[in-house]
Structures are given as structure tokens and as C-alpha cells.
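Inspection log for the structure reproduced underneath, given as C-alpha cells.
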Amino acid sequence: MGRTASKARTRWPLTCGSRCPWPDCHLLPSTGICWHLLLCGRPDAWDTGQLTAVRALRPILAIQHLTCDTAPGTLHDIDGQAFARLGVERTAHYLIRPDGHVGYRAAGTDLHGLQHYLTHLLPHATPHPA
């Protein structure tokens, strides 16, 4: 049991409900928006249709890309420290609640689980017109 728990902590140092390290390392820019979705990995890895659906469910959501590659409009993890701190191997996404804690996290680029989480969080949410 200790071995499995140790592996889980190594893979996902931040779990749902954990206070995220962004205020300490100033990773997320101040946007005036309460919710942050941090997409870790190459920006072209994410499905634009799924991102549009997520934005429609939560119009006060700031979306940032964190990547080890240099790309315009992204947060650049130059030496891989942010990925290591987050436990990201290739791609992952984190939803940060307004109180600064992780509300949702998952490996990979499939955002359907996040959409489901946001739909249950906001049961009366209607898509915001583009």
C-alpha cells in the first residue's frame, strides 16, 4: 500500500483539493478571472472543439498553455521544473478553483471529464454565445 501511494504522489504531486503552487512561483498571470485552466503540453495537442465547449460552459475561465517548447502566447517552462513540480510527463490539465486549490486534474488532452465536472458544478449553465 505504501508503495502504491508513493507512486501516486510521484505521478500527481497535486491532487484535487491541494493548494496549487502558482502563488508561490508566480506561474499563472493575474487575469482578474477566478477560474484557471492550465493545459500542460504543446498547444497544438488540444482539440479546439473541446476547448470551445469548455469555454462555453465557464465563460469566466482563463485558459493558459504551459509548454516546454517556445510558442507565442504560452507560459514557457524553460527547464522543465514546472512540469516536474506538477508531475506532468507529456500532457495534463488542471482546473484551479477561485480559492487557489485544484478542482480537477487529469493526464492527457481529452477534456470530456473536465466538461462533465464543469457541467455538474454548474448544473444550470447554458453555453455562452461565441
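In the C-alpha cells, chains take letters A, B, ... by order of appearance, with residues numbered from 1 within each chain and ligands from 1 in the order shown.
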
Would you pick out the contacts of Asp44 in chain A at 12 Å or less, using only C-alpha atoms, so that residues sharing its chain but fewer than 3 positions from it are not included, and give the list as a VMD selection string? chain A and resid 39 to 41 47 to 48 51 65 to 67 69 71 to 72 74 91 109

Write down as a PyMOL selection string the residues belonging to range 43-89 of chain A that are assigned strand (DSSP E or B) by DSSP computed on the backbone. chain A and resi 61-67+75-76

Can you measure CA of Gly80 in chain A to CA of Leu38 in chain A for me? One decimal in Å is fine.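 Going from CA of Gly80 in chain A over to CA of Leu38 in chain A, I get 15.3 Å.
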
CA of Gly49 in chain A and CA of Ala107 in chain A are how many Å apart?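 Between CA of Gly49 in chain A and CA of Ala107 in chain A the gap is 18.5 Å.
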
For Pro98 in chain A, find every residue with an atom within 9 Å (counting only C-alpha atoms), except residues of its own chain fewer than 3 positions away, and show them as a list in words. Ile33, Cys34, Trp35, His36 and His101 of chain A

Output all heavy atoms of each residue in that selection to a file, as an mmCIF file, in the first residue's frame.
data_model
loop_
_atom_site.group_PDB
_atom_site.id
_atom_site.type_symbol
_atom_site.label_atom_id
_atom_site.label_comp_id
_atom_site.auth_asym_id
_atom_site.auth_seq_id
_atom_site.Cartn_x
_atom_site.Cartn_y
_atom_site.Cartn_z
ATOM 1 N N ILE A 33 -9.677 36.888 -13.577
ATOM 2 C CA ILE A 33 -10.655 35.821 -13.761
ATOM 3 C C ILE A 33 -10.453 34.808 -12.647
ATOM 4 O O ILE A 33 -9.327 34.467 -12.297
ATOM 5 C CB ILE A 33 -10.509 35.170 -15.152
ATOM 6 C CG1 ILE A 33 -10.812 36.207 -16.225
ATOM 7 C CG2 ILE A 33 -11.423 33.967 -15.290
ATOM 8 C CD1 ILE A 33 -10.602 35.726 -17.638
ATOM 9 N N CYS A 34 -11.543 34.310 -12.108
ATOM 10 C CA CYS A 34 -11.467 33.442 -10.927
ATOM 11 C C CYS A 34 -10.963 32.034 -11.215
ATOM 12 O O CYS A 34 -10.250 31.469 -10.424
ATOM 13 C CB CYS A 34 -12.838 33.348 -10.275
ATOM 14 S SG CYS A 34 -13.379 34.917 -9.584
ATOM 15 N N TRP A 35 -11.373 31.427 -12.295
ATOM 16 C CA TRP A 35 -11.024 30.043 -12.595
ATOM 17 C C TRP A 35 -9.909 30.017 -13.632
ATOM 18 O O TRP A 35 -9.912 30.789 -14.588
ATOM 19 C CB TRP A 35 -12.232 29.305 -13.164
ATOM 20 C CG TRP A 35 -13.337 29.131 -12.176
ATOM 21 C CD1 TRP A 35 -14.272 30.066 -11.823
ATOM 22 C CD2 TRP A 35 -13.636 27.968 -11.423
ATOM 23 N NE1 TRP A 35 -15.125 29.536 -10.895
ATOM 24 C CE2 TRP A 35 -14.765 28.251 -10.638
ATOM 25 C CE3 TRP A 35 -13.053 26.705 -11.339
ATOM 26 C CZ2 TRP A 35 -15.323 27.328 -9.772
ATOM 27 C CZ3 TRP A 35 -13.611 25.768 -10.484
ATOM 28 C CH2 TRP A 35 -14.734 26.080 -9.712
ATOM 29 N N HIS A 36 -8.957 29.105 -13.439
ATOM 30 C CA HIS A 36 -7.857 28.946 -14.400
ATOM 31 C C HIS A 36 -7.808 27.501 -14.870
ATOM 32 O O HIS A 36 -7.882 26.576 -14.060
ATOM 33 C CB HIS A 36 -6.508 29.282 -13.753
ATOM 34 C CG HIS A 36 -6.330 30.724 -13.461
ATOM 35 N ND1 HIS A 36 -5.796 31.605 -14.355
ATOM 36 C CD2 HIS A 36 -6.634 31.451 -12.359
ATOM 37 C CE1 HIS A 36 -5.768 32.806 -13.827
ATOM 38 N NE2 HIS A 36 -6.278 32.742 -12.615
ATOM 39 N N HIS A 101 -7.139 26.308 -5.100
ATOM 40 C CA HIS A 101 -6.953 24.864 -4.960
ATOM 41 C C HIS A 101 -7.299 24.171 -6.270
ATOM 42 O O HIS A 101 -8.057 24.691 -7.090
ATOM 43 C CB HIS A 101 -7.835 24.313 -3.839
ATOM 44 C CG HIS A 101 -7.374 24.730 -2.485
ATOM 45 N ND1 HIS A 101 -7.633 25.979 -1.972
ATOM 46 C CD2 HIS A 101 -6.655 24.078 -1.547
ATOM 47 C CE1 HIS A 101 -7.097 26.076 -0.771
ATOM 48 N NE2 HIS A 101 -6.497 24.936 -0.488
#

Pick from A:Arg105, A:Arg55, A:His93, A:Arg42, whichever lies nearest to His76 in chain A using only C-alpha atoms: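 Smallest separation from His76 in chain A among the options: A:Arg42.
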
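Checking A:Tyr94, A:Asp110, A:Gly100, A:Glu89 one by one against Ile63 in chain A, counting only C-alpha atoms, you find the shortest gap at A:Tyr94.
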
Test item: residues at most 9 Å from range 112-117 of chain A, only C-alpha atoms, excluding those fewer than 6 positions along its chain, as a compact mmCIF listing (two decimals) with N, CA and C atoms, in the first residue's frame:
# COMPACT_ATOMS: atom_id res chain seq x y z
N GLN A 50 -13.18 20.83 -28.28
CA GLN A 50 -13.35 20.60 -26.85
C GLN A 50 -13.07 21.87 -26.04
N ALA A 53 -16.07 24.09 -26.25
CA ALA A 53 -17.14 23.60 -25.39
C ALA A 53 -16.87 23.93 -23.92
N VAL A 54 -15.63 23.83 -23.49
CA VAL A 54 -15.27 24.16 -22.11
C VAL A 54 -15.48 25.65 -21.87
N LEU A 57 -19.08 26.53 -21.31
CA LEU A 57 -19.61 26.17 -20.00
C LEU A 57 -19.15 27.11 -18.90
N HIS A 93 -4.00 18.43 -17.67
CA HIS A 93 -4.72 19.68 -17.46
C HIS A 93 -5.19 19.78 -16.03
N LEU A 95 -7.64 22.29 -13.46
CA LEU A 95 -8.60 23.36 -13.24
C LEU A 95 -8.36 23.90 -11.84
N TYR A 104 -9.91 20.08 -10.39
CA TYR A 104 -9.94 18.93 -11.30
C TYR A 104 -8.57 18.82 -11.94
N ARG A 105 -8.13 17.59 -12.16
CA ARG A 105 -6.87 17.37 -12.88
C ARG A 105 -6.94 16.03 -13.57
N ALA A 106 -6.27 15.95 -14.71
CA ALA A 106 -6.23 14.69 -15.45
C ALA A 106 -5.02 14.70 -16.38
